[in-house]
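Just below is one structure, and these are the notes that go with it.
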Amino acid sequence: MKRRISLPDSLFTAAWLLFHAAIIAAFLLAAVCGGGIRTDADLFAMIPDTGSNAAMAKADRQLTQNSARHVFILVSHADFKNAKLMAERVYGDLSLHTEQFAQLSLAADGAAASEIEEFVYANRYRLLPKEASEEILVSEEGTRVFAERAAAMAYGGISFSTFSSLNRLDADPFLLSDAAMAAYMAAVQAAGTALSPIDGVLATEFEGKWYVLIRGTLSKAGAKLASKDNAVHTIYSICLPLEQEGFRFVFSGTPFHSYESSLSASREISLISTVSLLLVLSILIFIFRSPLPIALSIFSIILSLAVAFSATHLLFGNIQMLTLVFGTSLIGCCIDYSLHFFMHWKADSSLRTGAELRSALFKGLLFSFLSTQICYLLLFCMPFPLLRQISLFSFTGITSSFLTTLGFYPLLPVPQKRNVPHLSFAPPRVGQWAKVFLGACITLAVGIPALRHKSFAVRNDIARLYTMQGRLKEDAVLSYQVLRYSPSSWLIVSGGTEEEVLQKEESLCEKLPDKYISASRFIPSRAMQEKSLAAVERLLPLAPQQLALLGLEASDAEQLCSSFEQEKEKGRLLVPLKTDAGSAVPESLESIIEMLWLGKIGDKFYSVVLPTTVTDESFYESLARDNDGVYFENKIKSINSSLDWLTTRVLLIFALAYIAIIALLKAIYSWKQTLRIASVPLISIIAITAAFTVAGYPLDFFCTAGMMLVFGLGLDYIIYMTEDAGRKERHASAIEASAVFLSFITTELSFGALAFSSFVPVRIIGLCISTGCLAAFIGTAVWTADWQEN
């Protein structure tokens with residue numbers, strides 16, 4: 001009999017009680033004092049930060065989150081009037097859901113246009129476009145031409161802008177507000193689409209049908225994926241019943257895809273998890289024929305999930321829904337501890353008390369626990385909040401299950417009748433396994449890489465994680481054809497002051513070949529505003545003549561000059577920041593400015609120049625290189641690069657964990673035992689690599705995350721069997737072998753089913769874990785078969 005480790009019973013029980021009580025009590029106290037439980041369903045939590053430094057990464061994430069909440073709804077009908085009336089009806093219904101939308105507009109509706117016009121008129125002296133200011137300032141001839149053109153337009157009742165009026169000529173004889181309004185509306189149009197203002201809305205005709213645009217920005221509550229208040233559900237419930245009599249709605253924007261993919265994944269995972277859990281329960285009932293082990297195993301899982309949730313929320317202040325999805329892997333780990341205890345509790349007659357059971361199992365459980373937790377501790381050091389949450393969640397949950405097995409289960413009375421009715425697993429002889437396994441290894445190590453070496457790669461492609469299908473795919477194609485709007489790249493501009501950023505923007509935008517939008521198009525720099533003031537001052541001497549030409553009182557010129565001087569003396573310059581007095585721009589433009597002006601992050605200010613389309617990416621890259629403080633971002637490429645970086649770091653952590661565990665094992669076992677145990681993770685990695693190569697999948701972030709889970713689960717099998725190998729009782733060894741087999745079957749049922757999911761990240765993790773655990777189990781059976789023969 002091997003020497004067993006014996007520690008005071010009260011020590012384990014006290015550790016179990018204190019661990020759970022301290023974490024859960026601290027969480028409840030924080031929840032009560034801090035405003036309750038907060039979950040975050042932000043899709044972009046699964047995407048790592050991009051950017052050349054911490055501040056730039058934060059700026060990029062802020063922009064991504066803002067732009068990812070924009071939605072476009074195109075109302076289509078063969079008749080423009082019908083399309084407009086339906087758009088107005090839908091807009092009215094959606095407007096009632098104020099908690100779900102941060103901003104909603106019927107594009108160029110009259111109220112918004114009137115609000116913009118009032119703002120422009122109030123600031124007309126500072127908002128002259130650069131071209132107009134330079135025309136006036138370049139020469140006296142230019143000043144005169146500008147004034148004459150304004151008079152001609154006033155005579156003809158024509159203005160640059162569809163929306164501005166001519167009823168304030170006495171205060172604005174040079175139509176300054178009209179010139180500024182034209183620039184503003186061009187900027188508003190550039191902010192979204194290729195549609196044009198028609199009868200108070202933005203609309204266009206495409207292939208015989210009219211399309212009217214409704215544009216919105218979801219609130220934080222409205223953008224939550226795991227919430228019944230998601231705004232996409234509201235949009236569908238309002239729009240889809242109205243699709244009759246020739247009306248058609250086209251939905252565009254990231255929130256629609258996020259909603260559909262998360263809904264589909266949630267349904268699939270719920271179904272798969274329910275079926276696999278029922279199968280696992282059926283097996284346990286079949287094996288144990290007793291409700292107590294099953295009930296306590298479920299109790300351990302629930303307790304582990306509860307304490308893992310509490311610890312994660314306590315440290316991070318919230319918990320990501322994706323953390324909960326990944327955290328379901330705890331079920332496999334937690335049930336393993338329970339299975340090993342209850343198999344011996346139910347069948348091993350040589351162990352007469354709970355304390356003896358714990359002493360016999362302690363060493364195997366401890367090394368299994370440490371090998372798994374080392375991986376999660378190292379993952380916690382990764383600079384990716386979601387990965388750190390998953391690591392803490394899993395680490396805490398496994399600790400809970402470990403302590404429950406050692407501190408609570410041994411308190412149970414040992415049953416009088418000690419047998420498991422269906423205890424039949426015993427590995428075949430080592431010679432039989434070795435032939436099969438050796439052939440498999442040769443095939444995996446030589447044949448597959450030689451045939452499919454081009455398919456092997458460590459690479460991430462965020463685009464393949466979600467495939468558009470059905471209506472959303474049709475809408476994506478149609479909306480792009482109509483809107484011509486699909487921004488996936490942008491320029492981030494940084495500077496020490498707001499003025500520096502705005503001036504950099506203005507200089508940069510003069511070089512852009514594509515249509516774009518920027519904060520400086522709405523709020524010019526101080527230098528540009530002062531140029532506008534200088535141009536207006538150059539016009540004022542012509543005011544008496546201009547007023548007379550328009551049939552107005554020349555005496556109004558004095559009042560005009562007085563108004564200008566008062567405005568100039570105020571020294572008030574427009575800035576793109578919100579102040580205590582409110583926003584600098586009209587409410588209808590706030591969402592655009594908030595997306596573009598990122599404000600102060602660290603010790604610098606940041607803004608975004610957003611091209612509607614990028615026709616030549618290399619040009620933008622060179623533009624960023626040649627201008628200090630300018631950063632070009634192709635979001636898809638940046639995400640892939642960041643995930644590639646994370647993947648290589650996870651693989652490095654895997655290697656470090658592997659070395660640490662070998663050192664730990666060598667301190668306890670002989671070299672022969674250590675090498676046998678250490679070979680099992682390598683067998684799993686070979687199998688996973690081969691399977692992914694055959695399937696045409698690259699080794700990506702989700703695959704490497706699955707490998708880390710396999711690393712811990714696979715080591716559990718060989719460690720349990722190694723610990724039990726020295727026991728003289730053949731019946732006891734058969735119990736341990738059966739526990740390992742049962743643990744393997746439950747894990748395969750739980751994770752193998754996930755490999756059939758249509759949600760790619762879930763499918764990858766399921767395939768990785770099921771393949772790796774199968775290889776680890778076979779490797780364990782091969783190495784320990786000789787210990788089962790005698």
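Ordering of the structure tokens sets the chain letters (A, B, ...); residue numbers start at 1 within each chain; ligands are numbered from 1 in the order shown.
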
Write out as a Markdown table the residues of segment 482-591 of chain A that have any atom within 9 Å of an atom of segment 635-652 of chain A, one row each with the nearest atom pair and its distance in Å to one decimal, counting only C-alpha atoms, sorted by chain and then rising number.
```
| residue | atom | partner | partner_atom | distance |
| --- | --- | --- | --- | --- |
| A:Ser488 | CA | A:Lys635 | CA | 5.9 |
| A:Ser489 | CA | A:Lys635 | CA | 5.9 |
| A:Trp490 | CA | A:Lys635 | CA | 8.2 |
```

Item to complete: Name the residues of segment 222-271 of chain A that fall into strand (DSSP E or B) according to DSSP on the backbone, using the chain letters and numbers of this document, as a list of chain:residue names.
Response: A:Arg248, A:Phe249, A:Val250, A:Phe251, A:Ser252

Prev. selection, N, CA and C atoms, output as a CSV table (one decimal), in the first residue's frame:
```
chain,number,residue,atom,x,y,z
A,248,ARG,N,-40.9,46.7,-48.2
A,248,ARG,CA,-39.8,45.9,-47.9
A,248,ARG,C,-38.9,46.7,-47.0
A,249,PHE,N,-38.4,46.0,-45.9
A,249,PHE,CA,-37.4,46.7,-45.1
A,249,PHE,C,-36.0,46.0,-45.3
A,250,VAL,N,-35.0,46.9,-45.3
A,250,VAL,CA,-33.6,46.4,-45.4
A,250,VAL,C,-32.9,46.8,-44.2
A,251,PHE,N,-32.3,45.9,-43.5
A,251,PHE,CA,-31.7,46.1,-42.2
A,251,PHE,C,-30.1,46.0,-42.4
A,252,SER,N,-29.4,47.0,-41.9
A,252,SER,CA,-28.0,47.1,-42.0
A,252,SER,C,-27.3,47.6,-40.7
```

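Within 12 Å of Lys473 of chain A, once only C-alpha atoms are used and residues closer than 6 positions along the same chain are dropped, the contacting residues are Val250, Phe251, Ser252, Gly253, Phe256, His257, Glu260, Tyr466, Thr467, Ser479 and Tyr480 of chain A.
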
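Of the listed residues A:Ser76, A:Ser618, A:Ser276, A:Thr204, the one whose atoms come nearest to Phe751 of chain A is A:Ser276, with distances taken using only C-alpha atoms.
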
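The spacing separating atom CA of Ala347 of chain A from atom CA of Ile735 of chain A amounts to 7.1 Å.
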
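Among A:Leu218, A:Val71, A:Lys81, A:Gly470, the residue with the shortest atom-to-atom distance to Thr254 of chain A, counting only C-alpha atoms, is A:Val71.
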
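Distance check against Ser264 of chain A using only C-alpha atoms: of A:Ser300, A:Gln469, A:Gln481, A:Thr312, the minimum falls on A:Gln469.
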
Worksheet entry | Minimum-distance residue to Lys130 of chain A, chosen among A:Leu549, A:Ala687, A:Ala180, A:Ile719 (using only C-alpha atoms) | A:Ala180

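Every protein or nucleic acid residue with an atom no more than 7 Å from Pro173 of chain A, counting only C-alpha atoms and leaving out same-chain residues fewer than 2 positions away, appears here: Leu169, Asp170, Ala171, Leu175, Gln546 and Leu547 of chain A.
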
Written selection (C-alpha atoms) as a PDB file, in the first residue's frame:
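Result went into again19.pdb, see below:
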```pdb
ATOM      1  CA  LEU A 169     -31.532  88.913 -45.056  1.00  0.00           C
ATOM      2  CA  ASP A 170     -31.344  92.055 -42.899  1.00  0.00           C
ATOM      3  CA  ALA A 171     -29.136  90.184 -40.400  1.00  0.00           C
ATOM      4  CA  LEU A 175     -25.969  84.537 -46.899  1.00  0.00           C
ATOM      5  CA  GLN A 546     -25.439  94.938 -50.216  1.00  0.00           C
ATOM      6  CA  LEU A 547     -28.499  95.863 -48.127  1.00  0.00           C
TER       7      LEU A 547
END
```

Discussion item. As a PyMOL selection string, please: the residues near Leu213 of chain A (cut-off 12 Å, only C-alpha atoms, same-chain neighbours under 3 positions excluded).
Written reply: chain A and resi 71-76+80+83-88+90-91+104-109+189+192-198+200-205+210+216+249-252+479+482-483

Prev. selection, N, CA and C atoms, output as a tab-separated table (two decimals), in the first residue's frame:
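So the final result, stored in again-v5.tsv, reads:
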```tsv
chain	number	residue	atom	x	y	z
A	71	VAL	N	-27.34	51.67	-36.52
A	71	VAL	CA	-28.22	50.84	-37.33
A	71	VAL	C	-28.81	51.68	-38.46
A	72	PHE	N	-29.03	51.03	-39.59
A	72	PHE	CA	-29.66	51.67	-40.75
A	72	PHE	C	-30.87	50.83	-41.14
A	73	ILE	N	-32.00	51.51	-41.32
A	73	ILE	CA	-33.22	50.84	-41.77
A	73	ILE	C	-33.67	51.52	-43.06
A	74	LEU	N	-33.70	50.77	-44.14
A	74	LEU	CA	-34.17	51.29	-45.42
A	74	LEU	C	-35.60	50.83	-45.65
A	75	VAL	N	-36.48	51.79	-45.86
A	75	VAL	CA	-37.88	51.49	-46.14
A	75	VAL	C	-38.08	51.57	-47.65
A	76	SER	N	-38.51	50.47	-48.24
A	76	SER	CA	-38.55	50.38	-49.70
A	76	SER	C	-39.98	50.21	-50.21
A	80	PHE	N	-42.44	56.63	-54.13
A	80	PHE	CA	-41.69	57.39	-53.14
A	80	PHE	C	-42.57	57.87	-51.98
A	83	ALA	N	-43.25	55.09	-49.58
A	83	ALA	CA	-42.04	54.76	-48.83
A	83	ALA	C	-41.80	55.78	-47.72
A	84	LYS	N	-42.00	57.06	-48.04
A	84	LYS	CA	-41.79	58.11	-47.05
A	84	LYS	C	-42.81	58.02	-45.91
A	85	LEU	N	-44.09	57.78	-46.25
A	85	LEU	CA	-45.12	57.68	-45.23
A	85	LEU	C	-44.86	56.49	-44.30
A	86	MET	N	-44.43	55.38	-44.87
A	86	MET	CA	-44.13	54.21	-44.04
A	86	MET	C	-42.92	54.49	-43.14
A	87	ALA	N	-41.91	55.18	-43.70
A	87	ALA	CA	-40.73	55.52	-42.89
A	87	ALA	C	-41.12	56.41	-41.72
A	88	GLU	N	-42.01	57.35	-41.96
A	88	GLU	CA	-42.47	58.23	-40.88
A	88	GLU	C	-43.24	57.44	-39.81
A	90	VAL	N	-42.84	54.15	-39.06
A	90	VAL	CA	-41.87	53.33	-38.32
A	90	VAL	C	-41.03	54.20	-37.39
A	91	TYR	N	-40.61	55.35	-37.90
A	91	TYR	CA	-39.82	56.29	-37.08
A	91	TYR	C	-40.60	56.70	-35.83
A	104	LEU	N	-32.05	58.72	-32.75
A	104	LEU	CA	-32.85	58.16	-33.83
A	104	LEU	C	-33.33	59.30	-34.70
A	105	SER	N	-33.17	59.16	-36.00
A	105	SER	CA	-33.62	60.24	-36.89
A	105	SER	C	-34.11	59.68	-38.21
A	106	LEU	N	-35.07	60.42	-38.78
A	106	LEU	CA	-35.52	60.10	-40.12
A	106	LEU	C	-34.60	60.83	-41.08
A	107	ALA	N	-33.30	60.60	-40.86
A	107	ALA	CA	-32.22	61.16	-41.68
A	107	ALA	C	-32.30	62.68	-41.76
A	108	ALA	N	-32.96	63.22	-42.77
A	108	ALA	CA	-32.99	64.67	-42.95
A	108	ALA	C	-34.35	65.24	-42.58
A	109	ASP	N	-34.95	64.79	-41.47
A	109	ASP	CA	-36.27	65.26	-41.11
A	109	ASP	C	-36.25	66.76	-40.81
A	189	GLN	N	-24.43	64.31	-44.84
A	189	GLN	CA	-24.65	63.29	-45.86
A	189	GLN	C	-23.45	62.35	-45.94
A	192	GLY	N	-23.05	59.24	-43.54
A	192	GLY	CA	-23.75	57.97	-43.62
A	192	GLY	C	-23.76	57.33	-44.98
A	193	THR	N	-24.35	57.96	-45.97
A	193	THR	CA	-24.71	57.19	-47.15
A	193	THR	C	-24.54	58.00	-48.42
A	194	ALA	N	-24.88	57.33	-49.52
A	194	ALA	CA	-24.88	57.98	-50.82
A	194	ALA	C	-26.26	58.49	-51.20
A	195	LEU	N	-27.18	58.53	-50.23
A	195	LEU	CA	-28.53	59.01	-50.48
A	195	LEU	C	-28.55	60.53	-50.55
A	196	SER	N	-29.61	61.09	-51.10
A	196	SER	CA	-29.72	62.54	-51.27
A	196	SER	C	-30.97	63.06	-50.57
A	197	PRO	N	-30.97	64.32	-50.13
A	197	PRO	CA	-32.17	64.90	-49.51
A	197	PRO	C	-33.29	65.06	-50.54
A	198	ILE	N	-34.44	64.46	-50.26
A	198	ILE	CA	-35.61	64.59	-51.12
A	198	ILE	C	-36.83	64.76	-50.22
A	200	GLY	N	-37.43	66.35	-47.56
A	200	GLY	CA	-37.22	66.29	-46.12
A	200	GLY	C	-36.67	64.99	-45.58
A	201	VAL	N	-36.37	64.02	-46.45
A	201	VAL	CA	-35.77	62.76	-46.02
A	201	VAL	C	-34.61	62.43	-46.93
A	202	LEU	N	-33.78	61.50	-46.50
A	202	LEU	CA	-32.71	61.00	-47.35
A	202	LEU	C	-33.23	59.78	-48.09
A	203	ALA	N	-33.16	59.83	-49.41
A	203	ALA	CA	-33.75	58.76	-50.21
A	203	ALA	C	-33.00	58.61	-51.52
A	204	THR	N	-33.23	57.47	-52.17
A	204	THR	CA	-32.67	57.23	-53.50
A	204	THR	C	-33.52	56.18	-54.21
A	205	GLU	N	-33.40	56.13	-55.52
A	205	GLU	CA	-34.09	55.13	-56.31
A	205	GLU	C	-33.08	54.12	-56.80
A	210	TRP	N	-37.91	52.87	-54.51
A	210	TRP	CA	-37.41	53.98	-53.69
A	210	TRP	C	-37.03	53.45	-52.31
A	216	GLY	N	-30.20	55.20	-36.75
A	216	GLY	CA	-30.26	55.24	-35.30
A	216	GLY	C	-28.96	54.79	-34.65
A	249	PHE	N	-38.36	46.05	-45.94
A	249	PHE	CA	-37.39	46.70	-45.06
A	249	PHE	C	-36.03	46.05	-45.25
A	250	VAL	N	-35.00	46.87	-45.31
A	250	VAL	CA	-33.63	46.38	-45.43
A	250	VAL	C	-32.88	46.83	-44.18
A	251	PHE	N	-32.32	45.86	-43.45
A	251	PHE	CA	-31.65	46.14	-42.19
A	251	PHE	C	-30.14	46.04	-42.37
A	252	SER	N	-29.45	47.04	-41.87
A	252	SER	CA	-27.99	47.06	-42.02
A	252	SER	C	-27.35	47.59	-40.75
A	479	SER	N	-28.16	46.57	-49.04
A	479	SER	CA	-27.90	47.84	-48.35
A	479	SER	C	-26.62	48.49	-48.84
A	482	VAL	N	-27.29	50.15	-52.14
A	482	VAL	CA	-28.09	51.37	-52.02
A	482	VAL	C	-27.32	52.47	-51.27
A	483	LEU	N	-26.72	52.10	-50.14
A	483	LEU	CA	-26.07	53.11	-49.28
A	483	LEU	C	-24.66	53.47	-49.73
```
